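Below is run_38.cif, which holds mmCIF, C-alpha atoms; chains and numbers go by the auth columns.
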data_upload
#
loop_
_atom_site.group_PDB
_atom_site.id
_atom_site.type_symbol
_atom_site.label_atom_id
_atom_site.label_comp_id
_atom_site.label_asym_id
_atom_site.label_seq_id
_atom_site.Cartn_x
_atom_site.Cartn_y
_atom_site.Cartn_z
_atom_site.B_iso_or_equiv
_atom_site.auth_seq_id
_atom_site.auth_asym_id
ATOM 1 C CA MET A 1 28.760 79.839 199.431 0.00 1184 L
ATOM 2 C CA LEU A 2 28.553 83.301 197.883 0.00 1185 L
ATOM 3 C CA SER A 3 24.925 83.559 198.961 0.00 1186 L
ATOM 4 C CA ARG A 4 25.931 82.831 202.549 0.00 1187 L
ATOM 5 C CA ILE A 5 28.662 85.501 202.403 0.00 1188 L
ATOM 6 C CA ARG A 6 26.246 88.086 201.014 0.00 1189 L
ATOM 7 C CA ALA A 7 23.723 87.237 203.733 0.00 1190 L
ATOM 8 C CA ALA A 8 26.384 87.513 206.433 0.00 1191 L
ATOM 9 C CA VAL A 9 27.516 90.999 205.360 0.00 1192 L
ATOM 10 C CA ALA A 10 24.063 92.351 204.535 0.00 1193 L
ATOM 11 C CA GLY A 11 23.604 95.720 206.207 0.00 1194 L
ATOM 12 C CA ALA A 12 27.263 96.068 207.142 0.00 1195 L
ATOM 13 C CA PRO A 13 28.642 99.609 206.705 0.00 1196 L
ATOM 14 C CA ASP A 14 30.861 100.353 203.735 0.00 1197 L
ATOM 15 C CA VAL A 15 34.554 100.371 204.580 0.00 1198 L
ATOM 16 C CA GLU A 16 36.997 102.531 202.705 0.00 1199 L
ATOM 17 C CA ILE A 17 39.876 100.424 201.422 0.00 1200 L
ATOM 18 C CA THR A 18 43.230 102.131 201.378 0.00 1201 L
ATOM 19 C CA ARG A 19 45.117 101.315 198.212 0.00 1202 L
ATOM 20 C CA ALA A 20 48.680 102.420 198.770 0.00 1203 L
ATOM 21 C CA TYR A 21 50.310 100.513 195.925 0.00 1204 L
ATOM 22 C CA ARG A 22 52.064 102.383 193.148 0.00 1205 L
ATOM 23 C CA THR A 23 49.723 103.503 190.362 0.00 1206 L
ATOM 24 C CA SER A 24 52.160 105.293 188.092 0.00 1207 L
ATOM 25 C CA SER A 25 55.766 105.052 186.953 0.00 1208 L
ATOM 26 C CA ASP A 26 58.275 107.303 185.286 0.00 1209 L
ATOM 27 C CA PRO A 27 57.401 107.185 181.565 0.00 1210 L
ATOM 28 C CA ALA A 28 60.913 108.225 180.521 0.00 1211 L
ATOM 29 C CA GLY A 29 62.541 105.524 178.430 0.00 1212 L
ATOM 30 C CA ALA A 30 59.344 103.458 178.234 0.00 1213 L
ATOM 31 C CA VAL A 31 59.797 102.646 174.543 0.00 1214 L
ATOM 32 C CA GLU A 32 63.367 101.459 175.021 0.00 1215 L
ATOM 33 C CA LEU A 33 62.456 99.416 178.107 0.00 1216 L
ATOM 34 C CA PHE A 34 59.474 97.865 176.326 0.00 1217 L
ATOM 35 C CA ALA A 35 61.667 96.851 173.379 0.00 1218 L
ATOM 36 C CA GLU A 36 64.255 95.340 175.731 0.00 1219 L
ATOM 37 C CA ARG A 37 61.716 93.370 177.759 0.00 1220 L
ATOM 38 C CA VAL A 38 59.883 92.062 174.681 0.00 1221 L
ATOM 39 C CA ALA A 39 63.211 90.907 173.224 0.00 1222 L
ATOM 40 C CA ASP A 40 63.987 89.132 176.522 0.00 1223 L
ATOM 41 C CA TYR A 41 61.045 86.843 175.752 0.00 1224 L
ATOM 42 C CA ARG A 42 62.763 85.759 172.506 0.00 1225 L
ATOM 43 C CA ALA A 43 60.472 87.865 170.339 0.00 1226 L
ATOM 44 C CA VAL A 44 61.859 89.600 167.254 0.00 1227 L
ATOM 45 C CA VAL A 45 61.768 93.360 167.849 0.00 1228 L
ATOM 46 C CA HIS A 46 62.184 96.354 165.531 0.00 1229 L
ATOM 47 C CA VAL A 47 62.049 99.983 166.689 0.00 1230 L
ATOM 48 C CA VAL A 48 61.352 102.351 163.791 0.00 1231 L
ATOM 49 C CA GLU A 49 60.283 105.908 163.170 0.00 1232 L
ATOM 50 C CA ALA A 50 56.738 106.634 162.041 0.00 1233 L
ATOM 51 C CA GLY A 51 57.732 107.020 158.403 0.00 1234 L
ATOM 52 C CA GLU A 52 59.480 103.653 158.443 0.00 1235 L
ATOM 53 C CA ALA A 53 56.570 101.582 159.756 0.00 1236 L
ATOM 54 C CA ALA A 54 55.281 100.415 156.375 0.00 1237 L
ATOM 55 C CA GLY A 55 58.768 99.432 155.243 0.00 1238 L
ATOM 56 C CA ALA A 56 59.382 97.484 158.466 0.00 1239 L
ATOM 57 C CA ILE A 57 56.095 95.615 158.057 0.00 1240 L
ATOM 58 C CA ALA A 58 56.844 94.764 154.437 0.00 1241 L
ATOM 59 C CA ALA A 59 60.378 93.642 155.280 0.00 1242 L
ATOM 60 C CA ALA A 60 59.136 91.394 158.088 0.00 1243 L
ATOM 61 C CA LEU A 61 56.611 89.744 155.783 0.00 1244 L
ATOM 62 C CA GLU A 62 59.151 89.325 153.011 0.00 1245 L
ATOM 63 C CA ARG A 63 61.433 87.464 155.419 0.00 1246 L
ATOM 64 C CA ARG A 64 58.611 85.301 156.734 0.00 1247 L
ATOM 65 C CA ALA A 65 57.041 84.771 153.278 0.00 1248 L
ATOM 66 C CA PRO A 66 53.586 83.654 154.492 0.00 1249 L
ATOM 67 C CA ALA A 67 51.366 82.017 151.892 0.00 1250 L
ATOM 68 C CA ARG A 68 48.231 82.916 153.859 0.00 1251 L
ATOM 69 C CA LEU A 69 48.214 85.904 156.180 0.00 1252 L
ATOM 70 C CA VAL A 70 45.178 86.708 158.337 0.00 1253 L
ATOM 71 C CA VAL A 71 44.423 90.442 158.298 0.00 1254 L
ATOM 72 C CA PRO A 72 41.714 91.706 160.691 0.00 1255 L
ATOM 73 C CA ASP A 73 39.346 94.521 159.833 0.00 1256 L
ATOM 74 C CA GLY A 74 40.366 97.999 160.888 0.00 1257 L
ATOM 75 C CA LEU A 75 44.101 97.709 160.276 0.00 1258 L
ATOM 76 C CA PRO A 76 45.446 101.220 159.507 0.00 1259 L
ATOM 77 C CA GLU A 77 45.541 101.750 155.770 0.00 1260 L
ATOM 78 C CA GLU A 78 49.276 102.479 155.693 0.00 1261 L
ATOM 79 C CA TRP A 79 49.972 99.106 157.291 0.00 1262 L
ATOM 80 C CA ALA A 80 47.401 97.379 155.071 0.00 1263 L
ATOM 81 C CA ARG A 81 49.099 98.752 151.945 0.00 1264 L
ATOM 82 C CA ALA A 82 52.417 97.388 153.175 0.00 1265 L
ATOM 83 C CA VAL A 83 50.791 93.969 153.634 0.00 1266 L
ATOM 84 C CA ARG A 84 49.260 94.056 150.143 0.00 1267 L
ATOM 85 C CA SER A 85 52.602 95.000 148.620 0.00 1268 L
ATOM 86 C CA VAL A 86 54.061 91.690 149.811 0.00 1269 L
ATOM 87 C CA VAL A 87 51.264 89.204 150.342 0.00 1270 L
ATOM 88 C CA GLY A 88 48.877 90.239 147.593 0.00 1271 L
ATOM 89 C CA PRO A 89 45.458 91.860 147.501 0.00 1272 L
ATOM 90 C CA ARG A 90 43.181 88.922 146.753 0.00 1273 L
ATOM 91 C CA ALA A 91 41.443 86.898 149.416 0.00 1274 L
ATOM 92 C CA ALA A 92 41.831 83.132 149.251 0.00 1275 L
ATOM 93 C CA ASP A 93 40.312 80.023 150.731 0.00 1276 L
ATOM 94 C CA ALA A 94 42.416 79.313 153.819 0.00 1277 L
ATOM 95 C CA GLY A 95 42.043 75.603 153.166 0.00 1278 L
ATOM 96 C CA ALA A 96 43.381 75.696 149.600 0.00 1279 L
ATOM 97 C CA GLU A 97 46.803 74.378 148.810 0.00 1280 L
ATOM 98 C CA PRO A 98 49.229 77.222 148.056 0.00 1281 L
ATOM 99 C CA GLY A 99 51.143 77.280 144.833 0.00 1282 L
ATOM 100 C CA PRO A 100 53.446 79.686 142.987 0.00 1283 L
ATOM 101 C CA GLY A 101 52.097 83.210 143.280 0.00 1284 L
ATOM 102 C CA THR A 102 49.174 82.245 145.485 0.00 1285 L
ATOM 103 C CA ALA A 103 50.213 84.191 148.586 0.00 1286 L
ATOM 104 C CA ALA A 104 47.013 85.739 149.830 0.00 1287 L
ATOM 105 C CA ILE A 105 45.367 87.836 152.482 0.00 1288 L
ATOM 106 C CA VAL A 106 42.820 85.879 154.496 0.00 1289 L
ATOM 107 C CA ARG A 107 39.872 87.755 155.994 0.00 1290 L
ATOM 108 C CA ASP A 108 37.864 86.648 159.002 0.00 1291 L
ATOM 109 C CA GLU A 109 34.615 87.225 157.110 0.00 1292 L
ATOM 110 C CA PRO A 110 32.839 84.893 157.160 0.00 1293 L
ATOM 111 C CA VAL A 111 34.312 83.751 160.471 0.00 1294 L
ATOM 112 C CA LEU A 112 37.231 81.382 159.898 0.00 1295 L
ATOM 113 C CA SER A 113 36.994 77.930 161.428 0.00 1296 L
ATOM 114 C CA ALA A 114 39.705 76.571 163.700 0.00 1297 L
ATOM 115 C CA ALA A 115 40.948 74.414 160.825 0.00 1298 L
ATOM 116 C CA GLU A 116 41.125 77.421 158.499 0.00 1299 L
ATOM 117 C CA LEU A 117 43.028 79.438 161.094 0.00 1300 L
ATOM 118 C CA ASP A 118 45.391 76.526 161.589 0.00 1301 L
ATOM 119 C CA ALA A 119 46.024 76.496 157.840 0.00 1302 L
ATOM 120 C CA ALA A 120 47.002 80.175 157.904 0.00 1303 L
ATOM 121 C CA ASP A 121 50.718 80.955 158.147 0.00 1304 L
ATOM 122 C CA GLY A 122 50.412 84.037 160.302 0.00 1305 L
ATOM 123 C CA VAL A 123 48.478 87.104 161.383 0.00 1306 L
ATOM 124 C CA ILE A 124 49.218 90.820 161.576 0.00 1307 L
ATOM 125 C CA THR A 125 47.549 93.033 164.171 0.00 1308 L
ATOM 126 C CA GLY A 126 47.803 96.259 166.061 0.00 1309 L
ATOM 127 C CA CYS A 127 47.209 96.285 169.806 0.00 1310 L
ATOM 128 C CA ALA A 128 45.410 98.089 172.625 0.00 1311 L
ATOM 129 C CA LEU A 129 48.613 98.941 174.484 0.00 1312 L
ATOM 130 C CA GLY A 130 52.039 97.737 175.573 0.00 1313 L
ATOM 131 C CA ILE A 131 53.521 97.593 179.085 0.00 1314 L
ATOM 132 C CA ALA A 132 57.166 98.576 179.365 0.00 1315 L
ATOM 133 C CA GLU A 133 58.056 97.000 182.728 0.00 1316 L
ATOM 134 C CA THR A 134 56.754 93.566 181.786 0.00 1317 L
ATOM 135 C CA GLY A 135 57.206 93.612 178.013 0.00 1318 L
ATOM 136 C CA THR A 136 53.541 92.731 177.639 0.00 1319 L
ATOM 137 C CA ILE A 137 51.262 93.431 174.681 0.00 1320 L
ATOM 138 C CA VAL A 138 47.534 93.665 175.377 0.00 1321 L
ATOM 139 C CA LEU A 139 44.878 93.063 172.743 0.00 1322 L
ATOM 140 C CA ASP A 140 41.223 93.960 173.304 0.00 1323 L
ATOM 141 C CA ALA A 141 39.644 92.849 170.005 0.00 1324 L
ATOM 142 C CA GLY A 142 39.454 96.466 168.847 0.00 1325 L
ATOM 143 C CA PRO A 143 39.981 97.711 165.263 0.00 1326 L
ATOM 144 C CA GLY A 144 42.986 96.108 163.619 0.00 1327 L
ATOM 145 C CA GLN A 145 43.152 93.321 166.206 0.00 1328 L
ATOM 146 C CA GLY A 146 40.294 90.948 165.449 0.00 1329 L
ATOM 147 C CA ARG A 147 38.876 88.316 167.751 0.00 1330 L
ATOM 148 C CA ARG A 148 41.109 86.446 170.178 0.00 1331 L
ATOM 149 C CA ALA A 149 41.400 83.238 168.126 0.00 1332 L
ATOM 150 C CA LEU A 150 43.148 85.078 165.289 0.00 1333 L
ATOM 151 C CA THR A 151 46.249 85.580 167.434 0.00 1334 L
ATOM 152 C CA LEU A 152 46.188 82.222 169.221 0.00 1335 L
ATOM 153 C CA VAL A 153 46.023 79.696 166.382 0.00 1336 L
ATOM 154 C CA PRO A 154 48.417 80.851 163.587 0.00 1337 L
ATOM 155 C CA ASP A 155 52.080 80.066 164.213 0.00 1338 L
ATOM 156 C CA TYR A 156 53.336 83.604 163.507 0.00 1339 L
ATOM 157 C CA HIS A 157 52.101 86.916 164.924 0.00 1340 L
ATOM 158 C CA LEU A 158 53.344 90.243 163.579 0.00 1341 L
ATOM 159 C CA CYS A 159 52.200 92.952 165.996 0.00 1342 L
ATOM 160 C CA VAL A 160 52.589 96.693 165.460 0.00 1343 L
ATOM 161 C CA VAL A 161 52.765 98.853 168.599 0.00 1344 L
ATOM 162 C CA ARG A 162 52.748 102.649 168.510 0.00 1345 L
ATOM 163 C CA ALA A 163 54.893 104.512 171.028 0.00 1346 L
ATOM 164 C CA ASP A 164 51.854 106.366 172.375 0.00 1347 L
ATOM 165 C CA GLN A 165 50.307 103.015 173.281 0.00 1348 L
ATOM 166 C CA ILE A 166 53.169 102.073 175.600 0.00 1349 L
ATOM 167 C CA VAL A 167 52.650 102.680 179.325 0.00 1350 L
ATOM 168 C CA ALA A 168 55.268 102.270 182.013 0.00 1351 L
ATOM 169 C CA GLY A 169 53.616 99.696 184.262 0.00 1352 L
ATOM 170 C CA VAL A 170 50.675 97.397 184.884 0.00 1353 L
ATOM 171 C CA PRO A 171 48.660 99.886 187.031 0.00 1354 L
ATOM 172 C CA GLU A 172 48.612 102.388 184.168 0.00 1355 L
ATOM 173 C CA ALA A 173 47.579 99.638 181.763 0.00 1356 L
ATOM 174 C CA VAL A 174 44.709 98.506 183.961 0.00 1357 L
ATOM 175 C CA GLY A 175 43.536 102.100 184.263 0.00 1358 L
ATOM 176 C CA ARG A 176 43.403 102.521 180.489 0.00 1359 L
ATOM 177 C CA LEU A 177 41.831 99.172 179.589 0.00 1360 L
ATOM 178 C CA ASP A 178 38.111 98.406 179.511 0.00 1361 L
ATOM 179 C CA PRO A 179 37.540 95.320 181.705 0.00 1362 L
ATOM 180 C CA ALA A 180 34.354 94.545 179.772 0.00 1363 L
ATOM 181 C CA ARG A 181 36.341 93.825 176.615 0.00 1364 L
ATOM 182 C CA PRO A 182 38.013 90.454 175.843 0.00 1365 L
ATOM 183 C CA LEU A 183 41.596 91.162 176.917 0.00 1366 L
ATOM 184 C CA THR A 184 44.528 89.031 175.779 0.00 1367 L
ATOM 185 C CA TRP A 185 47.848 89.679 177.544 0.00 1368 L
ATOM 186 C CA ILE A 186 50.855 88.532 175.508 0.00 1369 L
ATOM 187 C CA SER A 187 54.360 88.321 176.967 0.00 1370 L
ATOM 188 C CA GLY A 188 56.498 86.857 174.205 0.00 1371 L
ATOM 189 C CA PRO A 189 55.891 83.826 171.997 0.00 1372 L
ATOM 190 C CA SER A 190 53.897 80.939 173.423 0.00 1373 L
ATOM 191 C CA ALA A 191 56.171 78.703 175.486 0.00 1374 L
ATOM 192 C CA THR A 192 56.038 76.118 178.246 0.00 1375 L
ATOM 193 C CA SER A 193 58.599 74.240 180.316 0.00 1376 L
ATOM 194 C CA ASP A 194 56.151 71.956 182.078 0.00 1377 L
ATOM 195 C CA ILE A 195 57.804 68.706 181.007 0.00 1378 L
ATOM 196 C CA GLU A 196 61.260 68.155 182.538 0.00 1379 L
ATOM 197 C CA LEU A 197 61.893 71.925 182.341 0.00 1380 L
ATOM 198 C CA ASN A 198 62.475 71.663 178.587 0.00 1381 L
ATOM 199 C CA ARG A 199 61.254 74.806 176.857 0.00 1382 L
ATOM 200 C CA VAL A 200 58.789 74.109 174.044 0.00 1383 L
ATOM 201 C CA GLU A 201 57.450 77.003 171.973 0.00 1384 L
ATOM 202 C CA GLY A 202 54.198 77.281 170.062 0.00 1385 L
ATOM 203 C CA VAL A 203 52.087 75.115 172.366 0.00 1386 L
ATOM 204 C CA HIS A 204 49.455 77.627 173.499 0.00 1387 L
ATOM 205 C CA GLY A 205 49.791 80.223 170.757 0.00 1388 L
ATOM 206 C CA PRO A 206 52.165 81.558 168.083 0.00 1389 L
ATOM 207 C CA ARG A 207 55.645 80.049 168.039 0.00 1390 L
ATOM 208 C CA THR A 208 57.055 83.298 166.643 0.00 1391 L
ATOM 209 C CA LEU A 209 56.182 86.805 167.799 0.00 1392 L
ATOM 210 C CA GLU A 210 57.586 89.718 165.790 0.00 1393 L
ATOM 211 C CA VAL A 211 56.967 93.237 167.068 0.00 1394 L
ATOM 212 C CA VAL A 212 57.339 96.506 165.201 0.00 1395 L
ATOM 213 C CA ILE A 213 57.470 99.446 167.617 0.00 1396 L
ATOM 214 C CA VAL A 214 56.659 102.740 165.900 0.00 1397 L
ATOM 215 C CA ARG A 215 58.033 105.856 167.587 0.00 1398 L
#

Please rewrite the model in this file as structure tokens.
Amino acid sequence: MLSRIRAAVAGAPDVEITRAYRTSSDPAGAVELFAERVADYRAVVHVVEAGEAAGAIAAALERRAPARLVVPDGLPEEWARAVRSVVGPRAADAGAEPGPGTAAIVRDEPVLSAAELDAADGVITGCALGIAETGTIVLDAGPGQGRRALTLVPDYHLCVVRADQIVAGVPEAVGRLDPARPLTWISGPSATSDIELNRVEGVHGPRTLEVVIVR
């Protein structure tokens, strides 16, 4: 079918397409709006100052108490130190049974299998950007984010978003993102209401999304 379309339009002159839709929004209050919209999705949200980021990360992990936390390469060192202060510095086999004092950081090197990811209790990542109007977090597998599976399989996702990564609307986000990268758009914890309109969380991704927004 596509071949027939290309043949039909071969030699046709280029037509300028007028794109009159809005491409920018007022950035004022973007952080506050982003926090509000993310919370609307039943995510846990914390807005902190830059100097409080490590403490917020450590506090979140202390409350969650994961035995195995996946930590992707490239996480900012300040955040990584906060993780190590709670979870522990040693790597562990994701398939091993946890015991007293065995809380461990799990690295995706060598690449974790689906079963190993499923055995992990959570993951911490940064992000590519956040969208205020929709309360959406976008990952692009960049430093501190890891491959897509890391944030789809574990039941808990702790995501750190810097204020300078938050844009007002989707057009700005699309303009800043690289379409060649593997983009994951996250709007709240995984949830579905397909069956009798009963909301079920954790079906297609993490059941719990916790977001630390750093001003």

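Separating CA of Cys1342 in chain L from CA of Glu1316 in chain L is a distance of 18.2 Å.
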
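Interatomic distance, CA of Pro1365 in chain L against CA of Val1321 in chain L: 10.1 Å.
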
May I have the centre and edge lengths, in Å to one decimal, of an axis-aligned box around the listed atoms of range 1319-1331 of chain L with 3 Å added to every side, as AutoDock Vina command-line options?
--center_x 46.2 --center_y 92.1 --center_z 170.6 --size_x 20.7 --size_y 17.3 --size_z 20.0

For this session: Identify, on the basis of only C-alpha atoms, every residue whose closest approach to range 1215-1224 of chain L does not exceed 10 Å; exclude the query and any residue fewer than 2 positions from it along the same chain; express the result as an MDAnalysis selection string.
Result: chainID L and resid 1210:1213 1226:1230 1313:1320 1346 1349:1351 1369:1374 1392:1396

Requested write-out: C-alpha atoms of the selected residues, as a PDB file, in the frame of the given file:
ATOM      1  CA  PRO L1210      57.401 107.185 181.565  1.00  0.00           C
ATOM      2  CA  ALA L1211      60.913 108.225 180.521  1.00  0.00           C
ATOM      3  CA  GLY L1212      62.541 105.524 178.430  1.00  0.00           C
ATOM      4  CA  ALA L1213      59.344 103.458 178.234  1.00  0.00           C
ATOM      5  CA  ALA L1226      60.472  87.865 170.339  1.00  0.00           C
ATOM      6  CA  VAL L1227      61.859  89.600 167.254  1.00  0.00           C
ATOM      7  CA  VAL L1228      61.768  93.360 167.849  1.00  0.00           C
ATOM      8  CA  HIS L1229      62.184  96.354 165.531  1.00  0.00           C
ATOM      9  CA  VAL L1230      62.049  99.983 166.689  1.00  0.00           C
ATOM     10  CA  GLY L1313      52.039  97.737 175.573  1.00  0.00           C
ATOM     11  CA  ILE L1314      53.521  97.593 179.085  1.00  0.00           C
ATOM     12  CA  ALA L1315      57.166  98.576 179.365  1.00  0.00           C
ATOM     13  CA  GLU L1316      58.056  97.000 182.728  1.00  0.00           C
ATOM     14  CA  THR L1317      56.754  93.566 181.786  1.00  0.00           C
ATOM     15  CA  GLY L1318      57.206  93.612 178.013  1.00  0.00           C
ATOM     16  CA  THR L1319      53.541  92.731 177.639  1.00  0.00           C
ATOM     17  CA  ILE L1320      51.262  93.431 174.681  1.00  0.00           C
ATOM     18  CA  ALA L1346      54.893 104.512 171.028  1.00  0.00           C
ATOM     19  CA  ILE L1349      53.169 102.073 175.600  1.00  0.00           C
ATOM     20  CA  VAL L1350      52.650 102.680 179.325  1.00  0.00           C
ATOM     21  CA  ALA L1351      55.268 102.270 182.013  1.00  0.00           C
ATOM     22  CA  ILE L1369      50.855  88.532 175.508  1.00  0.00           C
ATOM     23  CA  SER L1370      54.360  88.321 176.967  1.00  0.00           C
ATOM     24  CA  GLY L1371      56.498  86.857 174.205  1.00  0.00           C
ATOM     25  CA  PRO L1372      55.891  83.826 171.997  1.00  0.00           C
ATOM     26  CA  SER L1373      53.897  80.939 173.423  1.00  0.00           C
ATOM     27  CA  ALA L1374      56.171  78.703 175.486  1.00  0.00           C
ATOM     28  CA  LEU L1392      56.182  86.805 167.799  1.00  0.00           C
ATOM     29  CA  GLU L1393      57.586  89.718 165.790  1.00  0.00           C
ATOM     30  CA  VAL L1394      56.967  93.237 167.068  1.00  0.00           C
ATOM     31  CA  VAL L1395      57.339  96.506 165.201  1.00  0.00           C
ATOM     32  CA  ILE L1396      57.470  99.446 167.617  1.00  0.00           C
TER      33      ILE L1396
END

Quick one: which range 1344-1388 of chain L residues come within 12 Å of range 1296-1309 of chain L, and what is the nearest atom pair for each with the distance in Å to one decimal, counting only C-alpha atoms, rows ordered by chain and ascending number, as a tab-separated table?
residue	atom	partner	partner_atom	distance
L:Val1344	CA	L:Gly1309	CA	6.1
L:Arg1345	CA	L:Gly1309	CA	8.4
L:Ala1346	CA	L:Gly1309	CA	12.0
L:Gln1348	CA	L:Gly1309	CA	10.2
L:Gly1388	CA	L:Asp1301	CA	10.8

For this session: Run the PyMOL selection byres ((chain L and resi 1265-1269) around 12) against the file shown and list the residues it catches, as a ChimeraX atom specification.
Result: /L:1235-1255,1258-1264,1270-1274,1284-1289,1305-1308,1341

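Closest approach to Asp1347 in chain L from the set L:Leu1366, L:Ile1200, L:Ala1233, L:Leu1322 is made by L:Ala1233, with distances taken over only C-alpha atoms.
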
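Picture a line from CA of Arg1398 in chain L to CA of Arg1290 in chain L; it runs 28.1 Å.
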
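Among L:Gly1385, L:Gly1194, L:Gly1257, L:Gly1234, the residue with the shortest atom-to-atom distance to Ala1324 in chain L, counting all atoms listed in the file, is L:Gly1257.
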
Missing atoms of range 1387-1394 of chain L rebuilt to all heavy atoms, written as an mmCIF file, in the frame of the given file:
data_model
loop_
_atom_site.group_PDB
_atom_site.id
_atom_site.type_symbol
_atom_site.label_atom_id
_atom_site.label_comp_id
_atom_site.auth_asym_id
_atom_site.auth_seq_id
_atom_site.Cartn_x
_atom_site.Cartn_y
_atom_site.Cartn_z
ATOM 1 N N HIS L 1387 50.714 76.970 173.157
ATOM 2 C CA HIS L 1387 49.455 77.627 173.499
ATOM 3 C C HIS L 1387 49.169 78.830 172.610
ATOM 4 O O HIS L 1387 48.209 79.554 172.856
ATOM 5 C CB HIS L 1387 49.485 78.093 174.961
ATOM 6 C CG HIS L 1387 49.926 77.046 175.922
ATOM 7 N ND1 HIS L 1387 51.134 77.091 176.568
ATOM 8 C CD2 HIS L 1387 49.322 75.905 176.322
ATOM 9 C CE1 HIS L 1387 51.258 76.027 177.341
ATOM 10 N NE2 HIS L 1387 50.180 75.300 177.219
ATOM 11 N N GLY L 1388 49.962 79.054 171.609
ATOM 12 C CA GLY L 1388 49.791 80.223 170.757
ATOM 13 C C GLY L 1388 50.917 80.291 169.750
ATOM 14 O O GLY L 1388 51.616 79.298 169.523
ATOM 15 N N PRO L 1389 51.142 81.441 169.129
ATOM 16 C CA PRO L 1389 52.165 81.558 168.083
ATOM 17 C C PRO L 1389 53.564 81.177 168.576
ATOM 18 O O PRO L 1389 53.992 81.585 169.650
ATOM 19 C CB PRO L 1389 52.104 83.039 167.705
ATOM 20 C CG PRO L 1389 50.726 83.463 168.074
ATOM 21 C CD PRO L 1389 50.392 82.693 169.308
ATOM 22 N N ARG L 1390 54.261 80.425 167.745
ATOM 23 C CA ARG L 1390 55.645 80.049 168.039
ATOM 24 C C ARG L 1390 56.582 81.242 167.862
ATOM 25 O O ARG L 1390 57.608 81.349 168.540
ATOM 26 C CB ARG L 1390 56.068 78.916 167.092
ATOM 27 C CG ARG L 1390 57.389 78.257 167.415
ATOM 28 C CD ARG L 1390 57.760 77.272 166.306
ATOM 29 N NE ARG L 1390 56.608 76.487 165.896
ATOM 30 C CZ ARG L 1390 56.276 75.311 166.451
ATOM 31 N NH1 ARG L 1390 57.006 74.824 167.423
ATOM 32 N NH2 ARG L 1390 55.218 74.640 166.024
ATOM 33 N N THR L 1391 56.215 82.138 166.941
ATOM 34 C CA THR L 1391 57.055 83.298 166.643
ATOM 35 C C THR L 1391 56.261 84.584 166.804
ATOM 36 O O THR L 1391 55.196 84.744 166.198
ATOM 37 C CB THR L 1391 57.605 83.221 165.209
ATOM 38 O OG1 THR L 1391 58.328 82.000 165.041
ATOM 39 C CG2 THR L 1391 58.522 84.397 164.912
ATOM 40 N N LEU L 1392 56.776 85.481 167.632
ATOM 41 C CA LEU L 1392 56.182 86.805 167.799
ATOM 42 C C LEU L 1392 57.181 87.832 167.279
ATOM 43 O O LEU L 1392 58.330 87.869 167.713
ATOM 44 C CB LEU L 1392 55.880 87.076 169.269
ATOM 45 C CG LEU L 1392 55.389 88.491 169.613
ATOM 46 C CD1 LEU L 1392 54.045 88.773 168.963
ATOM 47 C CD2 LEU L 1392 55.308 88.679 171.128
ATOM 48 N N GLU L 1393 56.744 88.638 166.328
ATOM 49 C CA GLU L 1393 57.586 89.718 165.790
ATOM 50 C C GLU L 1393 56.861 91.036 166.056
ATOM 51 O O GLU L 1393 55.674 91.161 165.760
ATOM 52 C CB GLU L 1393 57.827 89.519 164.294
ATOM 53 C CG GLU L 1393 58.846 90.463 163.721
ATOM 54 C CD GLU L 1393 59.453 90.000 162.400
ATOM 55 O OE1 GLU L 1393 59.001 88.964 161.876
ATOM 56 O OE2 GLU L 1393 60.366 90.682 161.897
ATOM 57 N N VAL L 1394 57.581 91.986 166.631
ATOM 58 C CA VAL L 1394 56.967 93.237 167.068
ATOM 59 C C VAL L 1394 57.649 94.420 166.403
ATOM 60 O O VAL L 1394 58.879 94.558 166.445
ATOM 61 C CB VAL L 1394 57.054 93.380 168.603
ATOM 62 C CG1 VAL L 1394 56.387 94.680 169.054
ATOM 63 C CG2 VAL L 1394 56.405 92.179 169.301
#
